[in-house]
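Trainee: Dropping in input12.pdb, with PDB, C-alpha atoms.
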```pdb
ATOM      1  CA  MET V  13     -93.286-152.874  91.486
ATOM      2  CA  ASN V  14     -90.344-154.983  92.711
ATOM      3  CA  LYS V  15     -91.583-158.437  93.798
ATOM      4  CA  SER V  16     -88.946-158.701  96.547
ATOM      5  CA  ILE V  17     -90.277-155.537  98.176
ATOM      6  CA  ILE V  18     -93.823-156.870  98.082
ATOM      7  CA  ILE V  19     -92.788-160.230  99.517
ATOM      8  CA  SER V  20     -90.703-158.633 102.291
ATOM      9  CA  GLY V  21     -93.594-156.384 103.317
ATOM     10  CA  LEU V  22     -96.089-159.232 103.356
ATOM     11  CA  LEU V  23     -93.796-161.470 105.354
ATOM     12  CA  ALA V  24     -93.426-158.689 107.921
ATOM     13  CA  LEU V  25     -97.216-158.426 108.060
ATOM     14  CA  ALA V  26     -97.562-162.167 108.454
ATOM     15  CA  SER V  27     -95.106-162.175 111.364
ATOM     16  CA  PHE V  28     -97.029-159.457 113.231
ATOM     17  CA  SER V  29     -98.808-160.566 116.402
ATOM     18  CA  SER V  30    -100.844-158.691 118.976
ATOM     19  CA  HIS V  31     -99.840-158.527 122.636
ATOM     20  CA  ALA V  32    -101.134-161.058 125.127
ATOM     21  CA  GLY V  33    -103.858-159.851 127.454
ATOM     22  CA  LEU V  34    -103.596-159.272 131.172
ATOM     23  CA  ILE V  35    -103.427-162.527 133.126
ATOM     24  CA  ASN V  36    -105.819-163.283 135.986
ATOM     25  CA  SER V  37    -107.518-159.961 135.290
ATOM     26  CA  ASN V  38    -110.627-160.906 137.296
ATOM     27  CA  PHE V  39    -108.654-162.597 140.109
ATOM     28  CA  GLU V  40    -110.652-165.772 139.619
ATOM     29  CA  THR V  41    -107.640-167.935 140.476
ATOM     30  CA  GLY V  42    -108.378-166.954 144.077
ATOM     31  CA  ASP V  43    -104.988-165.326 144.519
ATOM     32  CA  LEU V  44    -102.723-162.653 143.030
ATOM     33  CA  ASN V  45    -101.263-165.026 140.449
ATOM     34  CA  SER V  46     -99.471-162.989 137.710
ATOM     35  CA  TRP V  47     -99.846-159.775 139.738
ATOM     36  CA  ASN V  48     -97.058-158.271 141.832
ATOM     37  CA  SER V  49     -97.878-156.652 145.143
ATOM     38  CA  LEU V  50     -96.342-154.439 147.787
ATOM     39  CA  GLY V  51     -97.975-153.938 151.176
ATOM     40  CA  LEU V  52    -101.100-155.762 152.289
ATOM     41  CA  ALA V  53    -103.136-157.057 149.352
ATOM     42  CA  THR V  54    -105.247-160.200 149.091
ATOM     43  CA  VAL V  55    -107.958-161.710 146.899
ATOM     44  CA  ASP V  56    -111.361-162.103 148.561
ATOM     45  CA  GLY V  57    -114.959-162.934 147.845
ATOM     46  CA  THR V  58    -117.808-161.213 149.688
ATOM     47  CA  ILE V  59    -116.722-159.338 152.832
ATOM     48  CA  ASP V  60    -119.071-158.175 155.578
ATOM     49  CA  TYR V  61    -118.356-154.664 156.903
ATOM     50  CA  GLY V  62    -120.968-154.862 159.647
ATOM     51  CA  THR V  63    -123.509-152.056 159.784
ATOM     52  CA  ALA V  64    -122.004-150.495 156.636
ATOM     53  CA  GLY V  65    -123.056-153.534 154.609
ATOM     54  CA  SER V  66    -120.978-155.920 152.537
ATOM     55  CA  ILE V  67    -118.977-155.943 149.317
ATOM     56  CA  SER V  68    -119.370-158.649 146.685
ATOM     57  CA  PRO V  69    -117.062-158.956 143.659
ATOM     58  CA  PHE V  70    -117.939-156.851 140.657
ATOM     59  CA  ASP V  71    -117.604-159.897 138.425
ATOM     60  CA  GLY V  72    -117.248-163.580 139.297
ATOM     61  CA  VAL V  73    -116.465-164.744 142.816
ATOM     62  CA  ASN V  74    -113.248-162.847 143.649
ATOM     63  CA  SER V  75    -111.788-159.343 143.641
ATOM     64  CA  ALA V  76    -108.447-157.873 144.662
ATOM     65  CA  HIS V  77    -108.582-156.292 148.116
ATOM     66  CA  LEU V  78    -105.939-153.713 149.089
ATOM     67  CA  MET V  79    -105.516-152.103 152.506
ATOM     68  CA  SER V  80    -103.764-148.828 153.278
ATOM     69  CA  THR V  81    -100.975-150.461 155.267
ATOM     70  CA  GLY V  82     -98.025-152.791 154.848
ATOM     71  CA  ALA V  83     -95.518-150.594 152.980
ATOM     72  CA  THR V  84     -94.263-147.060 153.446
ATOM     73  CA  ALA V  85     -95.308-144.278 151.092
ATOM     74  CA  ALA V  86     -91.668-143.959 150.029
ATOM     75  CA  GLU V  87     -91.588-147.638 149.033
ATOM     76  CA  LEU V  88     -94.785-147.245 147.008
ATOM     77  CA  ALA V  89     -93.384-144.209 145.214
ATOM     78  CA  ILE V  90     -90.067-145.905 144.410
ATOM     79  CA  LEU V  91     -91.926-148.890 142.952
ATOM     80  CA  MET V  92     -93.720-146.551 140.523
ATOM     81  CA  GLY V  93     -90.569-144.620 139.660
ATOM     82  CA  ILE V  94     -91.806-141.372 141.206
ATOM     83  CA  THR V  95     -91.082-139.302 144.301
ATOM     84  CA  GLU V  96     -93.141-139.447 147.456
ATOM     85  CA  GLY V  97     -94.113-135.843 146.769
ATOM     86  CA  THR V  98     -95.513-136.767 143.349
ATOM     87  CA  LEU V  99     -97.635-139.487 144.958
ATOM     88  CA  GLU V 100     -98.918-136.952 147.487
ATOM     89  CA  ASP V 101     -99.683-134.441 144.740
ATOM     90  CA  SER V 102    -102.306-136.890 143.421
ATOM     91  CA  ASN V 103    -104.354-135.977 146.494
ATOM     92  CA  GLY V 104    -103.628-132.275 146.829
ATOM     93  CA  GLY V 105    -100.382-132.725 148.746
ATOM     94  CA  ALA V 106    -101.854-134.819 151.583
ATOM     95  CA  ASN V 107     -99.182-136.509 153.684
ATOM     96  CA  ALA V 108     -98.969-140.175 152.628
ATOM     97  CA  THR V 109     -97.787-142.607 155.308
ATOM     98  CA  THR V 110     -98.411-146.267 154.440
ATOM     99  CA  GLY V 111    -100.278-148.262 151.828
ATOM    100  CA  SER V 112    -100.405-151.069 149.289
ATOM    101  CA  ILE V 113    -100.087-151.568 145.536
ATOM    102  CA  ILE V 114    -100.733-154.326 143.017
ATOM    103  CA  HIS V 115     -99.369-154.106 139.477
ATOM    104  CA  GLN V 116     -98.964-156.034 136.236
ATOM    105  CA  SER V 117     -97.056-155.324 133.020
ATOM    106  CA  ILE V 118     -98.098-155.994 129.436
ATOM    107  CA  SER V 119     -96.111-155.594 126.206
ATOM    108  CA  ASN V 120     -97.009-154.106 122.832
ATOM    109  CA  VAL V 121    -100.097-152.147 123.831
ATOM    110  CA  SER V 122    -101.434-150.389 120.745
ATOM    111  CA  VAL V 123    -103.095-147.048 120.104
ATOM    112  CA  GLY V 124    -106.845-147.613 120.243
ATOM    113  CA  ASP V 125    -106.695-150.512 122.711
ATOM    114  CA  ASN V 126    -109.228-150.028 125.492
ATOM    115  CA  PHE V 127    -108.233-150.179 129.169
ATOM    116  CA  THR V 128    -111.027-150.873 131.659
ATOM    117  CA  PHE V 129    -111.260-151.673 135.362
ATOM    118  CA  SER V 130    -113.785-151.489 138.194
ATOM    119  CA  TRP V 131    -113.055-150.169 141.681
ATOM    120  CA  ASN V 132    -114.733-149.747 145.060
ATOM    121  CA  PHE V 133    -113.352-147.467 147.788
ATOM    122  CA  VAL V 134    -114.200-148.257 151.408
ATOM    123  CA  GLU V 135    -113.434-145.454 153.839
ATOM    124  CA  ASN V 136    -112.849-146.359 157.461
ATOM    125  CA  ASP V 137    -111.153-143.168 158.638
ATOM    126  CA  TYR V 138    -112.294-139.577 159.137
ATOM    127  CA  LEU V 139    -110.969-136.150 158.227
ATOM    128  CA  PRO V 140    -108.352-134.747 158.388
ATOM    129  CA  PHE V 141    -107.007-138.265 157.746
ATOM    130  CA  ASP V 142    -107.746-138.122 154.022
ATOM    131  CA  ASP V 143    -106.876-141.681 152.912
ATOM    132  CA  TRP V 144    -107.045-142.090 149.126
ATOM    133  CA  ALA V 145    -107.101-144.666 146.332
ATOM    134  CA  PHE V 146    -105.365-144.265 142.970
ATOM    135  CA  TYR V 147    -104.234-145.945 139.786
ATOM    136  CA  GLY V 148    -100.993-145.400 137.900
ATOM    137  CA  ILE V 149     -99.748-146.074 134.388
ATOM    138  CA  SER V 150     -96.113-146.441 133.345
ATOM    139  CA  ILE V 151     -95.133-146.545 129.643
ATOM    140  CA  ASP V 152     -91.885-148.142 128.475
ATOM    141  CA  GLY V 153     -90.475-148.231 131.987
ATOM    142  CA  GLY V 154     -90.912-144.520 132.634
ATOM    143  CA  PRO V 155     -92.279-142.965 135.834
ATOM    144  CA  ALA V 156     -95.928-143.738 136.476
ATOM    145  CA  GLU V 157     -98.607-141.131 135.940
ATOM    146  CA  VAL V 158    -100.791-141.347 139.042
ATOM    147  CA  SER V 159    -104.503-140.459 139.097
ATOM    148  CA  LYS V 160    -106.705-140.334 142.188
ATOM    149  CA  LEU V 161    -109.817-142.493 142.195
ATOM    150  CA  ALA V 162    -111.300-141.233 145.466
ATOM    151  CA  SER V 163    -110.425-139.984 148.934
ATOM    152  CA  LEU V 164    -112.325-139.421 152.156
ATOM    153  CA  GLY V 165    -112.558-135.746 151.321
ATOM    154  CA  SER V 166    -113.941-136.321 147.816
ATOM    155  CA  VAL V 167    -116.688-138.753 148.847
ATOM    156  CA  GLY V 168    -117.952-136.986 151.969
ATOM    157  CA  PRO V 169    -116.706-139.043 154.925
ATOM    158  CA  THR V 170    -118.598-139.828 158.077
ATOM    159  CA  ILE V 171    -117.394-141.441 161.274
ATOM    160  CA  GLY V 172    -117.168-145.197 160.788
ATOM    161  CA  THR V 173    -117.133-147.273 157.613
ATOM    162  CA  THR V 174    -118.690-146.190 154.323
ATOM    163  CA  ILE V 175    -118.814-148.404 151.224
ATOM    164  CA  ASN V 176    -118.902-146.137 148.193
ATOM    165  CA  GLY V 177    -119.940-148.748 145.618
ATOM    166  CA  TRP V 178    -118.461-150.101 142.420
ATOM    167  CA  GLU V 179    -117.448-147.641 139.709
ATOM    168  CA  GLN V 180    -115.735-148.206 136.373
ATOM    169  CA  VAL V 181    -112.909-146.462 134.538
ATOM    170  CA  SER V 182    -112.561-147.013 130.795
ATOM    171  CA  PHE V 183    -110.480-145.191 128.181
ATOM    172  CA  ASP V 184    -108.646-145.773 124.912
ATOM    173  CA  ILE V 185    -104.857-145.974 124.783
ATOM    174  CA  THR V 186    -103.314-143.020 122.910
ATOM    175  CA  GLN V 187     -99.642-144.056 122.984
ATOM    176  CA  ALA V 188     -98.247-147.413 121.930
ATOM    177  CA  GLY V 189     -95.694-149.144 124.132
ATOM    178  CA  ASP V 190     -95.046-151.523 126.993
ATOM    179  CA  TYR V 191     -97.336-150.702 129.905
ATOM    180  CA  THR V 192     -97.412-151.328 133.650
ATOM    181  CA  PHE V 193    -100.727-150.760 135.416
ATOM    182  CA  TYR V 194    -100.748-149.962 139.144
ATOM    183  CA  PHE V 195    -103.623-149.896 141.657
ATOM    184  CA  GLY V 196    -103.029-148.572 145.152
ATOM    185  CA  ILE V 197    -104.327-147.076 148.365
ATOM    186  CA  VAL V 198    -102.584-145.026 151.040
ATOM    187  CA  ASN V 199    -103.148-143.772 154.560
ATOM    188  CA  ALA V 200    -102.964-140.019 155.003
ATOM    189  CA  VAL V 201    -101.387-138.254 158.005
ATOM    190  CA  ASP V 202    -101.661-141.225 160.383
ATOM    191  CA  MET V 203    -101.376-145.017 160.334
ATOM    192  CA  GLY V 204    -104.109-145.754 162.866
ATOM    193  CA  ILE V 205    -107.155-146.699 160.763
ATOM    194  CA  ASN V 206    -106.931-148.367 157.371
ATOM    195  CA  SER V 207    -109.188-147.797 154.381
ATOM    196  CA  ASP V 208    -109.697-150.360 151.595
ATOM    197  CA  LEU V 209    -109.615-150.464 147.799
ATOM    198  CA  TRP V 210    -111.271-153.246 145.802
ATOM    199  CA  ILE V 211    -110.274-153.866 142.158
ATOM    200  CA  ASP V 212    -111.976-156.149 139.619
ATOM    201  CA  GLY V 213    -112.577-156.603 135.888
ATOM    202  CA  VAL V 214    -109.216-155.289 134.678
ATOM    203  CA  SER V 215    -108.895-155.681 130.903
ATOM    204  CA  ILE V 216    -107.147-154.532 127.749
ATOM    205  CA  ASP V 217    -109.411-154.971 124.720
ATOM    206  CA  THR V 218    -107.688-154.927 121.341
ATOM    207  CA  THR V 219    -108.684-154.574 117.719
ATOM    208  CA  PRO V 220    -108.688-158.139 116.346
ATOM    209  CA  VAL V 221    -105.643-159.034 114.256
ATOM    210  CA  PRO V 222    -106.125-161.379 111.258
ATOM    211  CA  ALA V 223    -105.050-164.953 111.935
ATOM    212  CA  PRO V 224    -101.678-165.935 110.411
ATOM    213  CA  SER V 225    -103.384-168.320 107.981
ATOM    214  CA  THR V 226    -105.620-165.505 106.717
ATOM    215  CA  ILE V 227    -102.639-163.222 106.256
ATOM    216  CA  ALA V 228    -100.737-165.970 104.408
ATOM    217  CA  ILE V 229    -103.603-166.560 101.958
ATOM    218  CA  PHE V 230    -103.877-162.814 101.356
ATOM    219  CA  ALA V 231    -100.111-162.588 100.839
ATOM    220  CA  LEU V 232    -100.098-165.383  98.260
ATOM    221  CA  GLY V 233    -102.857-163.649  96.336
ATOM    222  CA  ILE V 234    -100.994-160.361  96.247
ATOM    223  CA  ILE V 235     -97.768-162.074  95.211
ATOM    224  CA  GLY V 236     -99.604-163.831  92.376
ATOM    225  CA  LEU V 237    -101.072-160.578  91.106
ATOM    226  CA  ALA V 238     -97.702-158.885  91.297
ATOM    227  CA  ALA V 239     -96.044-161.730  89.371
ATOM    228  CA  ARG V 240     -98.692-161.551  86.636
ATOM    229  CA  ARG V 241     -98.223-157.802  86.327
ATOM    230  CA  PHE V 242     -94.435-158.177  86.253
ATOM    231  CA  LYS V 243     -94.669-160.791  83.480
ATOM    232  CA  LYS V 244     -97.045-158.632  81.447
ATOM    233  CA  ASN V 245     -94.728-155.620  81.623
ATOM    234  CA  SER V 246     -91.573-157.605  80.742
TER     235      SER V 246
END
```
Please render this file's structure as structure tokens.

Mentor:
Amino acid sequence: MNKSIIISGLLALASFSSHAGLINSNFETGDLNSWNSLGLATVDGTIDYGTAGSISPFDGVNSAHLMSTGATAAELAILMGITEGTLEDSNGGANATTGSIIHQSISNVSVGDNFTFSWNFVENDYLPFDDWAFYGISIDGGPAEVSKLASLGSVGPTIGTTINGWEQVSFDITQAGDYTFYFGIVNAVDMGINSDLWIDGVSIDTTPVPAPSTIAIFALGIIGLAARRFKKNS
């Protein structure tokens, strides 16, 4: 085997590095540092919703808190690279009016990486005003694929406020690339009463990559074996 080919391949391996993780993924800085937002989004600790009860962060002392107001549905759709109709299709074609989004991008996401987040939908409206919460994923700058988390219609709304409790989404990445993750909530039909989406514990877990020093030691060993074999065959 040609030593130059071996060396080139091992140097490429040694230069490989995994992507950096999401920054401020648990919002423990107390703000939206490293996240971008559109609409009305804050970072809060425990919030009292009166007779409906209160919400505490899923993890730590803070969570992202989005309200279904602050930006138009058209602005939300444009941000995600989709049409307003595509956003509405995520909730059966319900008319989206206003809402909010937070998002963050991360490079070099690999197949097999695990994406996880926790969410809590607080409904304040009533049908037919089917407010809904969603998440979206964009790969390599393409249009986001939007998935509904919950809506008033899917959780069985009542008059007044209902806290639906923390739930978790977790799945493995099946396509490598540069990713943008979106979390959002929108008003449906009207703009009179706002519902809330809470987000916490957002993470990308990767398969550990050997440290550069470990790779270098391995490379030297392989090069030595190759040199010995080359000498023997000469």

Trainee: Determine the nearest neighbour of Thr173 of chain V from the options V:Phe141, V:Gly62, V:Ala200, V:Asp217, counting all atoms listed in the file.

Mentor: V:Gly62

Trainee: Go ahead and compute the interatomic distance for atom CA of Leu164 of chain V and atom CA of Asp208 of chain V, in Å to one decimal.

Mentor: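 Distance reported for this atom pair: 11.3 Å.
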
Trainee: Can you pull out the residues contacting segment 187-193 of chain V? Cut-off 6 Å, using all atoms listed in the file, and skip same-chain residues under 3 positions away; I want them as a PyMOL selection string.

Mentor: chain V and resi 115-123+148-152

Trainee: Let me see the file: selected residues, C-alpha atoms, as a short mmCIF file (atom, residue, chain, number, x, y, z; two decimals), in the frame of the given file.

Mentor:
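See again.cif below for the written result:
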```cif
data_model
loop_
_atom_site.label_atom_id
_atom_site.label_comp_id
_atom_site.auth_asym_id
_atom_site.auth_seq_id
_atom_site.Cartn_x
_atom_site.Cartn_y
_atom_site.Cartn_z
CA HIS V 115 -99.37 -154.11 139.48
CA GLN V 116 -98.96 -156.03 136.24
CA SER V 117 -97.06 -155.32 133.02
CA ILE V 118 -98.10 -155.99 129.44
CA SER V 119 -96.11 -155.59 126.21
CA ASN V 120 -97.01 -154.11 122.83
CA VAL V 121 -100.10 -152.15 123.83
CA SER V 122 -101.43 -150.39 120.74
CA VAL V 123 -103.10 -147.05 120.10
CA GLY V 148 -100.99 -145.40 137.90
CA ILE V 149 -99.75 -146.07 134.39
CA SER V 150 -96.11 -146.44 133.34
CA ILE V 151 -95.13 -146.54 129.64
CA ASP V 152 -91.88 -148.14 128.48
#
```

Trainee: When you count all atoms listed in the file, which of these residues is closest to Ala76 of chain V: V:Trp144, V:Tyr61, V:Phe129, V:Phe183?

Mentor: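 Residue with the minimum atom-to-atom distance to Ala76 of chain V: V:Phe129.
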
Trainee: Please report the interatomic distance between atom CA of Ala106 of chain V and atom CA of Leu78 of chain V in Å with one decimal.

Mentor: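 Atom-to-atom, atom CA of Ala106 of chain V and atom CA of Leu78 of chain V are spaced 19.5 Å apart.
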
Trainee: Which is closest to Phe146 of chain V among V:Gly196, V:Gly165, V:Gly51, V:Gly82, if we use only C-alpha atoms?

Mentor: V:Gly196

Trainee: State, in Å with one decimal place, the distance from atom CA of Phe127 of chain V to atom CA of Asp43 of chain V.

Mentor: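 Here the two named atoms are 21.8 Å from each other.
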
Trainee: Hey, could you pull the box centre and edge lengths for segment 106-121 of chain V, axis-aligned, 8 Å padding per side, all listed atoms, to one decimal in Å, as JSON?

Mentor:
```
{"center_x": -99.0, "center_y": -145.4, "center_z": 139.1, "size_x": 21.7, "size_y": 37.2, "size_z": 48.5}
```

Trainee: (-118.2, -150.6, 143.8) in this file's frame - what residues fall within 9 Å of it? Use all atoms listed in the file and give the answer as an MDAnalysis selection string.

Mentor: chainID V and resid 67:70 130:134 175:180 210:211

Trainee: As a list in words, please: the residues near Asp143 of chain V (cut-off 10 Å, all atoms listed in the file, same-chain neighbours under 6 positions excluded).

Mentor: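 Here the answer would be Ser80, Asn103, Ala106, Asn107, Ala108, Thr109, Thr110, Gly111, Val134, Glu135, Asn136, Asp137, Ala162, Ser163, Leu164, Gly165, Ile197, Val198, Asn199, Ala200, Val201, Asp202, Met203, Ile205, Asn206, Ser207 and Asp208 of chain V.
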
Trainee: Any chance you could model N, CA and C atoms for segment 72-96 of chain V and send them as a PDB file, keeping the file's coordinate frame?

Mentor:
```pdb
ATOM      1  N   GLY V  72    -117.748-162.298 138.825  1.00  0.00           N
ATOM      2  CA  GLY V  72    -117.248-163.580 139.297  1.00  0.00           C
ATOM      3  C   GLY V  72    -117.351-163.719 140.799  1.00  0.00           C
ATOM      4  N   VAL V  73    -116.390-164.443 141.384  1.00  0.00           N
ATOM      5  CA  VAL V  73    -116.465-164.744 142.816  1.00  0.00           C
ATOM      6  C   VAL V  73    -115.323-164.127 143.613  1.00  0.00           C
ATOM      7  N   ASN V  74    -114.388-163.435 142.942  1.00  0.00           N
ATOM      8  CA  ASN V  74    -113.248-162.847 143.649  1.00  0.00           C
ATOM      9  C   ASN V  74    -112.914-161.461 143.129  1.00  0.00           C
ATOM     10  N   SER V  75    -112.333-160.657 144.004  1.00  0.00           N
ATOM     11  CA  SER V  75    -111.788-159.343 143.641  1.00  0.00           C
ATOM     12  C   SER V  75    -110.497-159.132 144.424  1.00  0.00           C
ATOM     13  N   ALA V  76    -109.633-158.266 143.908  1.00  0.00           N
ATOM     14  CA  ALA V  76    -108.447-157.873 144.662  1.00  0.00           C
ATOM     15  C   ALA V  76    -108.858-156.919 145.768  1.00  0.00           C
ATOM     16  N   HIS V  77    -108.232-157.072 146.924  1.00  0.00           N
ATOM     17  CA  HIS V  77    -108.582-156.292 148.116  1.00  0.00           C
ATOM     18  C   HIS V  77    -107.290-155.719 148.697  1.00  0.00           C
ATOM     19  N   LEU V  78    -107.137-154.392 148.606  1.00  0.00           N
ATOM     20  CA  LEU V  78    -105.939-153.713 149.089  1.00  0.00           C
ATOM     21  C   LEU V  78    -106.266-152.888 150.318  1.00  0.00           C
ATOM     22  N   MET V  79    -105.357-152.881 151.284  1.00  0.00           N
ATOM     23  CA  MET V  79    -105.516-152.103 152.506  1.00  0.00           C
ATOM     24  C   MET V  79    -104.411-151.065 152.615  1.00  0.00           C
ATOM     25  N   SER V  80    -104.715-149.953 153.240  1.00  0.00           N
ATOM     26  CA  SER V  80    -103.764-148.828 153.278  1.00  0.00           C
ATOM     27  C   SER V  80    -102.710-149.016 154.370  1.00  0.00           C
ATOM     28  N   THR V  81    -102.025-150.150 154.307  1.00  0.00           N
ATOM     29  CA  THR V  81    -100.975-150.461 155.267  1.00  0.00           C
ATOM     30  C   THR V  81    -100.047-151.493 154.645  1.00  0.00           C
ATOM     31  N   GLY V  82     -98.922-151.724 155.282  1.00  0.00           N
ATOM     32  CA  GLY V  82     -98.025-152.791 154.848  1.00  0.00           C
ATOM     33  C   GLY V  82     -96.727-152.319 154.234  1.00  0.00           C
ATOM     34  N   ALA V  83     -96.734-151.160 153.573  1.00  0.00           N
ATOM     35  CA  ALA V  83     -95.518-150.594 152.980  1.00  0.00           C
ATOM     36  C   ALA V  83     -95.514-149.092 153.231  1.00  0.00           C
ATOM     37  N   THR V  84     -94.342-148.506 153.248  1.00  0.00           N
ATOM     38  CA  THR V  84     -94.263-147.060 153.446  1.00  0.00           C
ATOM     39  C   THR V  84     -94.602-146.337 152.141  1.00  0.00           C
ATOM     40  N   ALA V  85     -95.011-145.088 152.274  1.00  0.00           N
ATOM     41  CA  ALA V  85     -95.308-144.278 151.092  1.00  0.00           C
ATOM     42  C   ALA V  85     -94.076-144.145 150.205  1.00  0.00           C
ATOM     43  N   ALA V  86     -92.907-144.055 150.808  1.00  0.00           N
ATOM     44  CA  ALA V  86     -91.668-143.959 150.029  1.00  0.00           C
ATOM     45  C   ALA V  86     -91.459-145.215 149.199  1.00  0.00           C
ATOM     46  N   GLU V  87     -91.740-146.377 149.772  1.00  0.00           N
ATOM     47  CA  GLU V  87     -91.588-147.638 149.033  1.00  0.00           C
ATOM     48  C   GLU V  87     -92.568-147.709 147.867  1.00  0.00           C
ATOM     49  N   LEU V  88     -93.792-147.252 148.078  1.00  0.00           N
ATOM     50  CA  LEU V  88     -94.785-147.245 147.008  1.00  0.00           C
ATOM     51  C   LEU V  88     -94.326-146.335 145.867  1.00  0.00           C
ATOM     52  N   ALA V  89     -93.828-145.169 146.227  1.00  0.00           N
ATOM     53  CA  ALA V  89     -93.384-144.209 145.214  1.00  0.00           C
ATOM     54  C   ALA V  89     -92.208-144.761 144.411  1.00  0.00           C
ATOM     55  N   ILE V  90     -91.239-145.340 145.086  1.00  0.00           N
ATOM     56  CA  ILE V  90     -90.067-145.905 144.410  1.00  0.00           C
ATOM     57  C   ILE V  90     -90.491-146.990 143.431  1.00  0.00           C
ATOM     58  N   LEU V  91     -91.432-147.828 143.837  1.00  0.00           N
ATOM     59  CA  LEU V  91     -91.926-148.890 142.952  1.00  0.00           C
ATOM     60  C   LEU V  91     -92.461-148.318 141.648  1.00  0.00           C
ATOM     61  N   MET V  92     -93.126-147.162 141.716  1.00  0.00           N
ATOM     62  CA  MET V  92     -93.720-146.551 140.523  1.00  0.00           C
ATOM     63  C   MET V  92     -92.775-145.600 139.808  1.00  0.00           C
ATOM     64  N   GLY V  93     -91.551-145.478 140.314  1.00  0.00           N
ATOM     65  CA  GLY V  93     -90.569-144.620 139.660  1.00  0.00           C
ATOM     66  C   GLY V  93     -90.824-143.140 139.845  1.00  0.00           C
ATOM     67  N   ILE V  94     -91.494-142.774 140.937  1.00  0.00           N
ATOM     68  CA  ILE V  94     -91.806-141.372 141.206  1.00  0.00           C
ATOM     69  C   ILE V  94     -91.316-141.006 142.602  1.00  0.00           C
ATOM     70  N   THR V  95     -91.428-139.731 142.953  1.00  0.00           N
ATOM     71  CA  THR V  95     -91.082-139.302 144.301  1.00  0.00           C
ATOM     72  C   THR V  95     -92.308-139.412 145.212  1.00  0.00           C
ATOM     73  N   GLU V  96     -92.045-139.432 146.497  1.00  0.00           N
ATOM     74  CA  GLU V  96     -93.141-139.447 147.456  1.00  0.00           C
ATOM     75  C   GLU V  96     -94.003-138.196 147.302  1.00  0.00           C
TER      76      GLU V  96
END
```
